[in-house]
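Containing PDB, C-alpha atoms and all ligand atoms: final-v9.pdb.
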```
ATOM      1  CA  MET A  14     -41.938  59.842  84.176
ATOM      2  CA  LYS A  15     -39.006  59.714  81.761
ATOM      3  CA  ILE A  16     -39.577  61.154  78.299
ATOM      4  CA  VAL A  17     -37.553  61.066  75.105
ATOM      5  CA  ALA A  18     -38.490  63.743  72.577
ATOM      6  CA  LEU A  19     -37.640  63.389  68.879
ATOM      7  CA  ALA A  20     -37.180  66.803  67.309
ATOM      8  CA  GLY A  21     -36.266  68.740  64.205
ATOM      9  CA  GLY A  22     -35.599  72.462  64.360
ATOM     10  CA  VAL A  23     -38.370  75.002  64.686
ATOM     11  CA  GLY A  24     -41.467  73.020  65.784
ATOM     12  CA  GLY A  25     -39.336  70.479  67.612
ATOM     13  CA  ALA A  26     -37.418  73.110  69.565
ATOM     14  CA  LYS A  27     -40.626  74.834  70.671
ATOM     15  CA  LEU A  28     -42.155  71.731  72.237
ATOM     16  CA  ALA A  29     -38.796  70.549  73.598
ATOM     17  CA  HIS A  30     -38.524  73.924  75.343
ATOM     18  CA  GLY A  31     -42.036  73.495  76.781
ATOM     19  CA  LEU A  32     -41.163  70.015  78.069
ATOM     20  CA  ALA A  33     -37.880  71.283  79.520
ATOM     21  CA  GLN A  34     -39.799  73.896  81.514
ATOM     22  CA  ILE A  35     -41.697  71.092  83.272
ATOM     23  CA  LEU A  36     -39.442  68.036  83.403
ATOM     24  CA  PRO A  37     -36.128  67.914  85.271
ATOM     25  CA  PRO A  38     -33.030  67.068  83.184
ATOM     26  CA  GLU A  39     -32.986  63.430  84.363
ATOM     27  CA  ASN A  40     -36.509  62.940  82.975
ATOM     28  CA  LEU A  41     -36.122  64.441  79.503
ATOM     29  CA  THR A  42     -33.707  63.636  76.682
ATOM     30  CA  ILE A  43     -34.063  65.323  73.309
ATOM     31  CA  ILE A  44     -32.881  63.453  70.224
ATOM     32  CA  VAL A  45     -32.364  65.749  67.262
ATOM     33  CA  ASN A  46     -32.275  65.312  63.491
ATOM     34  CA  THR A  47     -28.871  65.777  61.857
ATOM     35  CA  GLY A  48     -29.973  64.971  58.294
ATOM     36  CA  ASP A  49     -30.076  68.754  57.650
ATOM     37  CA  ASP A  50     -26.378  69.091  58.523
ATOM     38  CA  PHE A  51     -24.084  70.316  55.780
ATOM     39  CA  GLU A  52     -20.808  71.999  55.025
ATOM     40  CA  TYR A  53     -20.789  75.663  54.108
ATOM     41  CA  LEU A  54     -17.759  77.918  53.677
ATOM     42  CA  GLY A  55     -15.742  74.997  55.016
ATOM     43  CA  LEU A  56     -17.785  74.936  58.232
ATOM     44  CA  LYS A  57     -19.846  72.090  59.670
ATOM     45  CA  ILE A  58     -23.358  73.388  60.251
ATOM     46  CA  SER A  59     -25.965  71.501  62.319
ATOM     47  CA  PRO A  60     -29.082  73.657  61.934
ATOM     48  CA  ASP A  61     -31.593  71.580  63.927
ATOM     49  CA  LEU A  62     -29.192  70.839  66.780
ATOM     50  CA  ASP A  63     -28.318  74.509  67.051
ATOM     51  CA  THR A  64     -31.966  75.579  67.015
ATOM     52  CA  VAL A  65     -32.820  73.164  69.832
ATOM     53  CA  CYS A  66     -29.710  74.099  71.878
ATOM     54  CA  TYR A  67     -30.129  77.859  71.376
ATOM     55  CA  THR A  68     -33.830  77.617  72.232
ATOM     56  CA  LEU A  69     -33.255  75.735  75.482
ATOM     57  CA  ALA A  70     -30.374  78.071  76.327
ATOM     58  CA  GLY A  71     -32.586  81.136  75.808
ATOM     59  CA  LEU A  72     -30.237  82.307  73.052
ATOM     60  CA  ALA A  73     -32.504  81.740  70.041
ATOM     61  CA  ASN A  74     -33.771  84.440  67.758
ATOM     62  CA  PRO A  75     -37.533  84.470  68.391
ATOM     63  CA  LEU A  76     -38.280  86.287  65.127
ATOM     64  CA  THR A  77     -36.538  83.983  62.634
ATOM     65  CA  GLY A  78     -36.874  80.656  64.475
ATOM     66  CA  TRP A  79     -33.196  79.995  63.631
ATOM     67  CA  GLY A  80     -29.921  81.598  64.632
ATOM     68  CA  ARG A  81     -29.306  83.725  67.709
ATOM     69  CA  ALA A  82     -30.954  86.708  69.321
ATOM     70  CA  ASN A  83     -29.127  90.056  69.319
ATOM     71  CA  GLU A  84     -27.108  88.901  66.345
ATOM     72  CA  THR A  85     -24.736  91.100  64.347
ATOM     73  CA  TRP A  86     -23.775  90.475  60.727
ATOM     74  CA  GLN A  87     -20.354  92.031  60.155
ATOM     75  CA  THR A  88     -18.643  88.818  58.989
ATOM     76  CA  PHE A  89     -21.522  88.066  56.648
ATOM     77  CA  GLU A  90     -21.391  91.632  55.215
ATOM     78  CA  ASN A  91     -17.674  91.229  54.647
ATOM     79  CA  ILE A  92     -18.136  87.862  52.888
ATOM     80  CA  LYS A  93     -20.786  89.497  50.706
ATOM     81  CA  LYS A  94     -18.441  92.353  49.840
ATOM     82  CA  LEU A  95     -15.739  89.843  48.921
ATOM     83  CA  GLY A  96     -18.157  88.138  46.529
ATOM     84  CA  GLY A  97     -18.469  84.960  48.634
ATOM     85  CA  GLN A  98     -21.473  82.709  49.096
ATOM     86  CA  THR A  99     -24.222  84.315  51.139
ATOM     87  CA  TRP A 100     -27.330  82.205  50.480
ATOM     88  CA  PHE A 101     -27.066  80.705  53.957
ATOM     89  CA  GLN A 102     -26.901  83.488  56.510
ATOM     90  CA  LEU A 103     -24.518  83.129  59.421
ATOM     91  CA  GLY A 104     -24.467  85.803  62.093
ATOM     92  CA  ASP A 105     -21.320  86.721  64.017
ATOM     93  CA  ARG A 106     -22.327  85.025  67.273
ATOM     94  CA  ASP A 107     -23.639  81.942  65.502
ATOM     95  CA  LEU A 108     -20.433  81.728  63.476
ATOM     96  CA  GLY A 109     -18.444  81.113  66.655
ATOM     97  CA  THR A 110     -20.475  77.935  67.231
ATOM     98  CA  HIS A 111     -19.718  76.629  63.733
ATOM     99  CA  LEU A 112     -16.031  77.522  63.912
ATOM    100  CA  GLU A 113     -15.544  75.769  67.234
ATOM    101  CA  ARG A 114     -17.638  72.738  66.224
ATOM    102  CA  THR A 115     -15.733  72.375  62.938
ATOM    103  CA  TYR A 116     -12.393  72.628  64.736
ATOM    104  CA  ARG A 117     -13.384  69.961  67.288
ATOM    105  CA  LEU A 118     -14.863  67.632  64.636
ATOM    106  CA  LYS A 119     -11.642  67.922  62.623
ATOM    107  CA  LYS A 120      -9.704  66.945  65.741
ATOM    108  CA  GLY A 121     -11.854  63.807  65.921
ATOM    109  CA  ALA A 122     -14.394  64.634  68.643
ATOM    110  CA  PRO A 123     -17.846  63.105  68.067
ATOM    111  CA  LEU A 124     -20.721  65.538  67.471
ATOM    112  CA  SER A 125     -22.521  64.216  70.562
ATOM    113  CA  ASN A 126     -19.565  65.149  72.829
ATOM    114  CA  ILE A 127     -19.245  68.560  71.240
ATOM    115  CA  THR A 128     -22.989  69.181  71.681
ATOM    116  CA  ARG A 129     -22.774  68.100  75.326
ATOM    117  CA  ASP A 130     -19.869  70.502  75.947
ATOM    118  CA  PHE A 131     -21.587  73.387  74.166
ATOM    119  CA  CYS A 132     -24.780  72.789  76.149
ATOM    120  CA  LYS A 133     -22.816  72.840  79.381
ATOM    121  CA  ALA A 134     -21.217  76.144  78.397
ATOM    122  CA  TRP A 135     -24.645  77.589  77.534
ATOM    123  CA  GLY A 136     -26.208  76.384  80.776
ATOM    124  CA  VAL A 137     -28.507  73.804  79.139
ATOM    125  CA  GLU A 138     -29.030  70.977  81.604
ATOM    126  CA  HIS A 139     -31.331  68.682  79.619
ATOM    127  CA  PRO A 140     -29.415  66.178  77.489
ATOM    128  CA  ILE A 141     -29.602  67.034  73.776
ATOM    129  CA  LEU A 142     -28.264  64.269  71.535
ATOM    130  CA  PRO A 143     -27.711  64.217  67.790
ATOM    131  CA  MET A 144     -29.457  61.155  66.323
ATOM    132  CA  THR A 145     -26.049  59.929  65.149
ATOM    133  CA  ASP A 146     -22.387  60.933  65.161
ATOM    134  CA  ASP A 147     -22.070  59.567  61.643
ATOM    135  CA  PRO A 148     -22.663  61.575  58.478
ATOM    136  CA  VAL A 149     -26.244  61.367  57.183
ATOM    137  CA  TYR A 150     -27.385  63.771  54.484
ATOM    138  CA  THR A 151     -31.026  64.289  53.601
ATOM    139  CA  MET A 152     -31.384  64.464  49.820
ATOM    140  CA  VAL A 153     -34.549  65.839  48.257
ATOM    141  CA  ASN A 154     -35.663  64.334  44.977
ATOM    142  CA  THR A 155     -37.222  66.996  42.792
ATOM    143  CA  ARG A 156     -39.129  66.785  39.506
ATOM    144  CA  GLU A 157     -37.264  69.718  37.950
ATOM    145  CA  GLN A 158     -33.687  69.200  39.099
ATOM    146  CA  GLY A 159     -33.311  65.631  40.258
ATOM    147  CA  GLU A 160     -31.720  65.107  43.650
ATOM    148  CA  LEU A 161     -30.779  68.182  45.681
ATOM    149  CA  PRO A 162     -28.935  68.323  49.018
ATOM    150  CA  PHE A 163     -31.416  69.396  51.691
ATOM    151  CA  GLN A 164     -30.142  72.936  52.343
ATOM    152  CA  GLU A 165     -29.829  73.588  48.609
ATOM    153  CA  TYR A 166     -33.553  72.779  48.334
ATOM    154  CA  PHE A 167     -34.637  74.335  51.646
ATOM    155  CA  VAL A 168     -32.677  77.576  51.898
ATOM    156  CA  HIS A 169     -30.993  78.270  48.556
ATOM    157  CA  GLN A 170     -34.034  77.382  46.443
ATOM    158  CA  ARG A 171     -36.605  78.338  49.119
ATOM    159  CA  CYS A 172     -38.400  74.957  48.822
ATOM    160  CA  GLU A 173     -39.588  75.910  45.335
ATOM    161  CA  PRO A 174     -38.723  72.689  43.406
ATOM    162  CA  THR A 175     -41.446  70.019  43.314
ATOM    163  CA  VAL A 176     -40.656  67.163  45.664
ATOM    164  CA  SER A 177     -40.901  63.559  44.483
ATOM    165  CA  GLY A 178     -39.136  61.747  47.330
ATOM    166  CA  PHE A 179     -36.321  61.710  49.871
ATOM    167  CA  ARG A 180     -33.139  59.776  50.542
ATOM    168  CA  PHE A 181     -31.061  59.817  53.681
ATOM    169  CA  ALA A 182     -27.597  59.322  52.245
ATOM    170  CA  GLY A 183     -25.286  57.389  54.569
ATOM    171  CA  VAL A 184     -28.035  56.259  56.928
ATOM    172  CA  GLU A 185     -27.331  52.554  56.208
ATOM    173  CA  LYS A 186     -23.937  52.938  57.863
ATOM    174  CA  ALA A 187     -25.010  55.314  60.632
ATOM    175  CA  ARG A 188     -25.266  54.160  64.234
ATOM    176  CA  PRO A 189     -27.255  55.961  66.908
ATOM    177  CA  ALA A 190     -25.084  58.446  68.808
ATOM    178  CA  LYS A 191     -23.813  57.436  72.222
ATOM    179  CA  GLY A 192     -26.690  57.631  74.696
ATOM    180  CA  VAL A 193     -29.536  57.586  72.148
ATOM    181  CA  LEU A 194     -30.645  53.960  72.537
ATOM    182  CA  GLU A 195     -29.998  54.060  76.291
ATOM    183  CA  ALA A 196     -32.230  57.133  76.625
ATOM    184  CA  ILE A 197     -35.046  55.474  74.666
ATOM    185  CA  ASN A 198     -34.691  52.185  76.533
ATOM    186  CA  ASN A 199     -34.806  54.007  79.876
ATOM    187  CA  ALA A 200     -37.776  56.169  78.891
ATOM    188  CA  ASP A 201     -41.420  55.517  79.698
ATOM    189  CA  ALA A 202     -42.643  57.307  76.590
ATOM    190  CA  VAL A 203     -41.419  58.803  73.334
ATOM    191  CA  VAL A 204     -42.855  62.135  72.206
ATOM    192  CA  ILE A 205     -42.570  62.904  68.502
ATOM    193  CA  CYS A 206     -42.528  66.700  68.409
ATOM    194  CA  PRO A 207     -44.547  68.655  65.821
ATOM    195  CA  SER A 208     -41.656  68.568  63.379
ATOM    196  CA  ASN A 209     -41.674  67.888  59.659
ATOM    197  CA  PRO A 210     -42.374  64.125  59.372
ATOM    198  CA  TRP A 211     -40.547  63.743  56.036
ATOM    199  CA  VAL A 212     -37.287  65.550  56.696
ATOM    200  CA  SER A 213     -37.022  65.998  60.473
ATOM    201  CA  ILE A 214     -38.463  62.846  62.066
ATOM    202  CA  ASP A 215     -38.019  60.236  59.299
ATOM    203  CA  PRO A 216     -34.215  60.665  59.266
ATOM    204  CA  ILE A 217     -34.110  60.022  63.042
ATOM    205  CA  ILE A 218     -36.240  56.875  62.964
ATOM    206  CA  THR A 219     -34.379  55.560  59.928
ATOM    207  CA  VAL A 220     -31.101  55.297  61.873
ATOM    208  CA  ALA A 221     -30.648  51.609  62.733
ATOM    209  CA  GLY A 222     -32.245  50.604  66.014
ATOM    210  CA  ILE A 223     -34.025  53.866  66.845
ATOM    211  CA  LYS A 224     -37.460  52.956  65.490
ATOM    212  CA  SER A 225     -37.418  49.475  67.002
ATOM    213  CA  ALA A 226     -36.382  50.907  70.386
ATOM    214  CA  CYS A 227     -39.259  53.404  70.170
ATOM    215  CA  GLU A 228     -41.707  50.613  69.304
ATOM    216  CA  THR A 229     -41.202  49.070  72.734
ATOM    217  CA  LYS A 230     -42.404  52.319  74.359
ATOM    218  CA  VAL A 231     -45.582  54.341  74.468
ATOM    219  CA  VAL A 232     -45.247  56.687  71.480
ATOM    220  CA  VAL A 233     -47.236  59.869  70.980
ATOM    221  CA  ALA A 234     -46.886  62.367  68.116
ATOM    222  CA  ILE A 235     -48.107  65.947  67.829
ATOM    223  CA  SER A 236     -49.263  67.112  64.415
ATOM    224  CA  PRO A 237     -47.231  69.867  62.734
ATOM    225  CA  ILE A 238     -50.078  70.241  60.230
ATOM    226  CA  ILE A 239     -52.931  72.414  61.455
ATOM    227  CA  GLY A 240     -55.981  73.076  59.303
ATOM    228  CA  GLY A 241     -54.212  71.504  56.314
ATOM    229  CA  LYS A 242     -51.259  73.885  56.597
ATOM    230  CA  ALA A 243     -47.808  73.861  58.172
ATOM    231  CA  VAL A 244     -47.262  76.581  60.763
ATOM    232  CA  LYS A 245     -43.906  77.180  59.068
ATOM    233  CA  GLY A 246     -41.895  75.446  56.366
ATOM    234  CA  PRO A 247     -42.640  73.052  53.506
ATOM    235  CA  ALA A 248     -44.339  70.085  55.266
ATOM    236  CA  ALA A 249     -47.797  70.679  53.710
ATOM    237  CA  LYS A 250     -46.280  71.434  50.290
ATOM    238  CA  MET A 251     -44.323  68.170  50.493
ATOM    239  CA  TYR A 252     -47.455  66.141  51.290
ATOM    240  CA  ARG A 253     -49.303  67.745  48.345
ATOM    241  CA  GLU A 254     -46.465  67.174  45.906
ATOM    242  CA  LEU A 255     -46.227  63.545  46.989
ATOM    243  CA  GLY A 256     -49.930  63.146  46.174
ATOM    244  CA  ILE A 257     -51.201  63.151  49.766
ATOM    245  CA  GLN A 258     -53.681  65.712  51.064
ATOM    246  CA  PRO A 259     -51.888  67.508  53.913
ATOM    247  CA  SER A 260     -53.783  67.081  57.161
ATOM    248  CA  ALA A 261     -53.411  65.874  60.729
ATOM    249  CA  LEU A 262     -54.830  62.566  59.449
ATOM    250  CA  ALA A 263     -52.015  62.306  56.899
ATOM    251  CA  VAL A 264     -49.474  62.853  59.700
ATOM    252  CA  ALA A 265     -51.093  60.179  61.885
ATOM    253  CA  LYS A 266     -51.025  57.769  58.913
ATOM    254  CA  HIS A 267     -47.400  58.699  58.227
ATOM    255  CA  TYR A 268     -46.467  57.272  61.633
ATOM    256  CA  GLU A 269     -48.963  54.401  61.511
ATOM    257  CA  GLY A 270     -47.740  51.315  63.359
ATOM    258  CA  LEU A 271     -45.416  53.371  65.542
ATOM    259  CA  LEU A 272     -48.002  55.458  67.383
ATOM    260  CA  ASP A 273     -50.040  54.645  70.456
ATOM    261  CA  ALA A 274     -51.524  58.098  70.532
ATOM    262  CA  PHE A 275     -51.801  61.293  68.534
ATOM    263  CA  ILE A 276     -52.358  64.926  69.444
ATOM    264  CA  PHE A 277     -53.826  67.360  66.969
ATOM    265  CA  ASP A 278     -55.258  70.817  66.902
ATOM    266  CA  GLN A 279     -58.810  71.749  67.816
ATOM    267  CA  VAL A 280     -59.360  73.262  64.353
ATOM    268  CA  ASP A 281     -59.077  69.701  63.014
ATOM    269  CA  GLU A 282     -61.721  68.212  65.282
ATOM    270  CA  VAL A 283     -63.678  67.023  62.213
ATOM    271  CA  LEU A 284     -60.877  64.492  61.555
ATOM    272  CA  LYS A 285     -61.377  62.846  64.954
ATOM    273  CA  ASP A 286     -63.361  59.803  63.784
ATOM    274  CA  GLU A 287     -61.080  59.073  60.845
ATOM    275  CA  ILE A 288     -57.976  59.332  63.057
ATOM    276  CA  ALA A 289     -59.597  57.109  65.708
ATOM    277  CA  LEU A 290     -60.000  54.430  62.995
ATOM    278  CA  LEU A 291     -56.203  54.055  63.093
ATOM    279  CA  ASP A 292     -56.732  52.459  66.501
ATOM    280  CA  ILE A 293     -54.812  55.085  68.429
ATOM    281  CA  LYS A 294     -55.826  57.302  71.346
ATOM    282  CA  THR A 295     -56.302  60.959  70.517
ATOM    283  CA  LEU A 296     -56.126  64.298  72.236
ATOM    284  CA  ILE A 297     -57.523  67.425  70.640
ATOM    285  CA  THR A 298     -56.075  70.667  71.970
ATOM    286  CA  ASN A 299     -54.747  74.071  71.015
ATOM    287  CA  SER A 300     -51.397  73.072  69.547
ATOM    288  CA  ILE A 301     -50.143  76.493  68.458
ATOM    289  CA  MET A 302     -47.100  77.681  70.404
ATOM    290  CA  LYS A 303     -46.646  81.420  69.936
ATOM    291  CA  ASN A 304     -44.594  82.072  73.044
ATOM    292  CA  SER A 305     -42.853  80.404  75.947
ATOM    293  CA  ASP A 306     -46.062  80.078  78.021
ATOM    294  CA  GLU A 307     -47.861  78.400  75.131
ATOM    295  CA  ARG A 308     -44.993  75.938  74.733
ATOM    296  CA  LYS A 309     -45.331  75.070  78.397
ATOM    297  CA  ARG A 310     -49.110  74.796  78.162
ATOM    298  CA  LEU A 311     -48.897  72.353  75.222
ATOM    299  CA  ALA A 312     -46.150  70.383  76.980
ATOM    300  CA  LYS A 313     -48.390  70.123  80.051
ATOM    301  CA  ASP A 314     -51.263  68.826  77.890
ATOM    302  CA  VAL A 315     -48.900  66.305  76.268
ATOM    303  CA  LEU A 316     -47.597  65.013  79.615
ATOM    304  CA  LYS A 317     -51.048  64.808  81.192
ATOM    305  CA  PHE A 318     -52.249  62.836  78.167
ATOM    306  CA  VAL A 319     -49.187  60.551  78.215
ATOM    307  CA  HIS A 320     -49.987  59.665  81.852
ATOM    308  CA  THR A 321     -53.396  58.368  80.760
ATOM    309  CA  LEU A 322     -51.817  55.985  78.232
ATOM    310  CA  PHE A 323     -50.405  53.516  80.773
TER     311      PHE A 323
HETATM  312  P1  LIG B 401     -37.137  72.493  60.777
HETATM  313  O1  LIG B 401     -36.160  71.349  60.768
HETATM  314  O2  LIG B 401     -36.508  73.798  61.147
HETATM  315  O3  LIG B 401     -38.033  72.553  59.588
HETATM  316  O4  LIG B 401     -38.051  72.236  62.036
HETATM  317  P2  LIG B 401     -39.140  71.181  62.426
HETATM  318  O5  LIG B 401     -39.265  70.100  61.435
HETATM  319  O6  LIG B 401     -38.922  70.823  63.854
HETATM  320  O7  LIG B 401     -40.387  72.128  62.410
HETATM  321  C1  LIG B 401     -41.145  72.416  61.263
HETATM  322  C2  LIG B 401     -42.578  72.063  61.551
HETATM  323  O8  LIG B 401     -42.974  72.655  62.794
HETATM  324  C3  LIG B 401     -43.538  72.599  60.514
HETATM  325  O9  LIG B 401     -44.118  71.536  59.822
HETATM  326  C4  LIG B 401     -44.540  73.416  61.325
HETATM  327  O10 LIG B 401     -45.870  73.223  60.907
HETATM  328  C5  LIG B 401     -44.336  72.915  62.731
HETATM  329  N1  LIG B 401     -44.627  73.929  63.740
HETATM  330  C6  LIG B 401     -43.985  75.105  63.922
HETATM  331  N2  LIG B 401     -44.552  75.777  64.940
HETATM  332  C7  LIG B 401     -45.581  75.009  65.417
HETATM  333  C8  LIG B 401     -46.540  75.176  66.452
HETATM  334  O11 LIG B 401     -46.584  76.185  67.163
HETATM  335  N3  LIG B 401     -47.445  74.152  66.636
HETATM  336  C9  LIG B 401     -47.428  73.020  65.855
HETATM  337  N4  LIG B 401     -48.346  72.072  66.104
HETATM  338  N5  LIG B 401     -46.536  72.852  64.856
HETATM  339  C10 LIG B 401     -45.623  73.828  64.647
END
```
What is this file in structure tokens?
Ligand code: GDP
Amino acid sequence: MKIVALAGGVGGAKLAHGLAQILPPENLTIIVNTGDDFEYLGLKISPDLDTVCYTLAGLANPLTGWGRANETWQTFENIKKLGGQTWFQLGDRDLGTHLERTYRLKKGAPLSNITRDFCKAWGVEHPILPMTDDPVYTMVNTREQGELPFQEYFVHQRCEPTVSGFRFAGVEKARPAKGVLEAINNADAVVICPSNPWVSIDPIITVAGIKSACETKVVVAISPIIGGKAVKGPAAKMYRELGIQPSALAVAKHYEGLLDAFIFDQVDEVLKDEIALLDIKTLITNSIMKNSDERKRLAKDVLKFVHTLF
């Protein structure tokens, strides 16, 4: 069975890694959010793409959920000493990725080609595609400060401002990256990873053609909200600030119309009847992924469930 996974960074990378442990490269393509991308110190940074690539390459830092393992920080320390910007931390090894990507982008290479080449160099065999090669910037509308670029909100201001909405600047002109629509059209099912629905998955499905391609497939999502909370990051806070009680039910409703099926955690079993009212199939399981084995276990549950949907 051929699967396309839609992923953001942390939660998306974990499940993508689980799926990649089971499915051969020809049966799994991972499409990644690039709405978080930004320019910092003159460098083009693609945080979600890097998290997914590093995770599948076995290079990711397991403690932070971003950046690389066995990192050193000499460049960062030097920038700090020179009085430069340090709100976004870039380790020495990681920096090499951004330098090389920026250089290739400036020479005109599309992000999808660069990602393919980097993956090859890192020994990642599963195709990892940016949602688009065009610039799309997630903007966070806040009550206190108006519109903020995503990383300004997320990292610099530690998600503290109150969210009132989102805008994906440039998305009207963006086209899916080479291979994205082909991968979806050739897939049997689309798996929406347990990523932040507002700022990781929505940007992907807002790129022209991606949502409608997904709609022709069996689509299953896994809830990133467990027991009313996000495992990591601002997803639950965003729901609350937008006037929606954060829950697995809220996530299922978020994707209403797109989903054939929904997977949520056993701690949320009480929501089963309400979720079933959305006329989708459900699977209740342990959806926490604390290590590589747990990623694989959840991926196995997902794939077994997907098989029952045909
Ligand atoms: P980001 O772009 O780095 O924020 O990454 P994602 O959007 O892919 O991931 C953030 C989401 O992953 C959060 O909403 C978390 O609740 C969710 N998440 C992280 N780890 C897990 C996990 O082990 N299980 C589930 N179900 N969700 C998780």
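Of the listed residues A:Trp79, A:Phe179, A:Phe318, A:Trp86, the one whose atoms come nearest to ligand LIG 401 (chain B) is A:Trp79, with distances taken using all atoms listed in the file.
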Produce a table with one row for each residue of region 25-109 of chain A that has an atom at most 9 Å from any atom of region 143-167 of chain A, each row naming the nearest atom pair and its distance in Å at one decimal; use only C-alpha atoms; arrange rows by chain and rising residue number; format as CSV.
```
residue,atom,partner,partner_atom,distance
A:Ile43,CA,A:Pro143,CA,8.5
A:Ile44,CA,A:Met144,CA,5.7
A:Val45,CA,A:Pro143,CA,4.9
A:Asn46,CA,A:Met144,CA,5.8
A:Thr47,CA,A:Pro143,CA,6.2
A:Gly48,CA,A:Tyr150,CA,4.8
A:Asp49,CA,A:Thr151,CA,6.1
A:Asp50,CA,A:Tyr150,CA,6.8
A:Phe51,CA,A:Gln164,CA,7.4
A:Leu62,CA,A:Pro143,CA,6.9
A:Phe101,CA,A:Gln164,CA,8.5
```
| Which neighbours of Lys294 (chain A) fall inside 9 Å, counting only C-alpha atoms, when residues of the same chain fewer than 4 positions from it are skipped, and could you give them as an MDAnalysis selection string? | chainID A and resid 233 272:276 288:289 322
| said: Let me see if you get this right: every residue at most 6 Å from ligand LIG 401 (chain B), counting only C-alpha atoms and all ligand atoms, written as a ChimeraX atom specification. | reply: /A:20-25,61,207-209,213,236-238,243-246,248,300-303
| said: Please list as a ChimeraX atom specification every residue within 9 Å of Asp314 (chain A), counting all atoms listed in the file and excluding residues in the same chain fewer than 4 positions away. | reply: /A:296,298,309-310,318-319
With C-alpha atoms retained, could you export that selection as an mmCIF file, keeping the file's coordinate frame?
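Final output, saved to again27.cif:
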```cif
data_model
loop_
_atom_site.group_PDB
_atom_site.id
_atom_site.type_symbol
_atom_site.label_atom_id
_atom_site.label_comp_id
_atom_site.auth_asym_id
_atom_site.auth_seq_id
_atom_site.Cartn_x
_atom_site.Cartn_y
_atom_site.Cartn_z
ATOM 1 C CA LEU A 296 -56.126 64.298 72.236
ATOM 2 C CA THR A 298 -56.075 70.667 71.970
ATOM 3 C CA LYS A 309 -45.331 75.070 78.397
ATOM 4 C CA ARG A 310 -49.110 74.796 78.162
ATOM 5 C CA PHE A 318 -52.249 62.836 78.167
ATOM 6 C CA VAL A 319 -49.187 60.551 78.215
#
```
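Minimum atom-to-atom distances from A:Leu19, A:Ile218, A:Leu28, A:Ile127 to Ser59 (chain A) were compared using only C-alpha atoms, and the lowest value belongs to A:Ile127.
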| note | Counting all atoms listed in the file, closest pick from A:Leu108, A:Ala182, A:Cys66, A:Leu194 relative to Gly136 (chain A) is A:Cys66
| task | For the structure shown, which residues end up in the PyMOL selection byres (((chain A and resi 113) around 12) and not hetatm)? Put them as a ChimeraX atom specification, please? | result | /A:56-58,106-112,114-120,122,124,127-128,130-131
Store the residues picked out above, limited to C-alpha atoms, as an mmCIF file, keeping the file's coordinate frame.
```
data_model
loop_
_atom_site.group_PDB
_atom_site.id
_atom_site.type_symbol
_atom_site.label_atom_id
_atom_site.label_comp_id
_atom_site.auth_asym_id
_atom_site.auth_seq_id
_atom_site.Cartn_x
_atom_site.Cartn_y
_atom_site.Cartn_z
ATOM 1 C CA LEU A 56 -17.785 74.936 58.232
ATOM 2 C CA LYS A 57 -19.846 72.090 59.670
ATOM 3 C CA ILE A 58 -23.358 73.388 60.251
ATOM 4 C CA ARG A 106 -22.327 85.025 67.273
ATOM 5 C CA ASP A 107 -23.639 81.942 65.502
ATOM 6 C CA LEU A 108 -20.433 81.728 63.476
ATOM 7 C CA GLY A 109 -18.444 81.113 66.655
ATOM 8 C CA THR A 110 -20.475 77.935 67.231
ATOM 9 C CA HIS A 111 -19.718 76.629 63.733
ATOM 10 C CA LEU A 112 -16.031 77.522 63.912
ATOM 11 C CA ARG A 114 -17.638 72.738 66.224
ATOM 12 C CA THR A 115 -15.733 72.375 62.938
ATOM 13 C CA TYR A 116 -12.393 72.628 64.736
ATOM 14 C CA ARG A 117 -13.384 69.961 67.288
ATOM 15 C CA LEU A 118 -14.863 67.632 64.636
ATOM 16 C CA LYS A 119 -11.642 67.922 62.623
ATOM 17 C CA LYS A 120 -9.704 66.945 65.741
ATOM 18 C CA ALA A 122 -14.394 64.634 68.643
ATOM 19 C CA LEU A 124 -20.721 65.538 67.471
ATOM 20 C CA ILE A 127 -19.245 68.560 71.240
ATOM 21 C CA THR A 128 -22.989 69.181 71.681
ATOM 22 C CA ASP A 130 -19.869 70.502 75.947
ATOM 23 C CA PHE A 131 -21.587 73.387 74.166
#
```
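In this model, the gap between CA of Leu72 (chain A) and CA of Trp135 (chain A) comes to 8.6 Å.
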| Which residues match the PyMOL selection byres (((chain A and resi 254) around 10) and not hetatm) in the file above, as a PyMOL selection string? | chain A and resi 155-156+174-178+249-253+255-259
| message | Here is a test: counting only C-alpha atoms, which residue of A:Asp63, A:Asp306, A:Glu228, A:Asp281 is nearest to Ile35 (chain A)? | response | A:Asp306
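Each of A:Leu316, A:Leu291, A:Ala202, A:Val65 was checked against Leu262 (chain A) using all atoms listed in the file; the smallest atom-to-atom distance is that of A:Leu291.
Each of A:Gly192, A:Pro60, A:Gly121, A:Pro210 was checked against Pro247 (chain A) using all atoms listed in the file; the smallest atom-to-atom distance is that of A:Pro210.
We find CA of Ile214 (chain A) and CA of Thr229 (chain A) to be spaced 17.6 Å apart.
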| request: Would you kindly return, as a list of chain:residue names, each protein, DNA or RNA residue with an atom no farther than 7 Å from any atom of Ser260 (chain A), considering all atoms listed in the file and excluding same-chain residues fewer than 5 positions away? | output: A:Ile238, A:Ile239, A:Gly240, A:Gly241
Go ahead and save the picked residues with C-alpha atoms, as a compact mmCIF listing (two decimals), keeping the file's coordinate frame.
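File produced: result-v7.txt:
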```
# COMPACT_ATOMS: atom_id res chain seq x y z
CA ILE A 238 -50.08 70.24 60.23
CA ILE A 239 -52.93 72.41 61.46
CA GLY A 240 -55.98 73.08 59.30
CA GLY A 241 -54.21 71.50 56.31
```
| Could you spell out the hits of the PyMOL selection byres (((chain A and resi 102) around 10) and not hetatm) on the shown file, as a PyMOL selection string? | chain A and resi 80+86+89-90+98-101+103-105+107-108+168
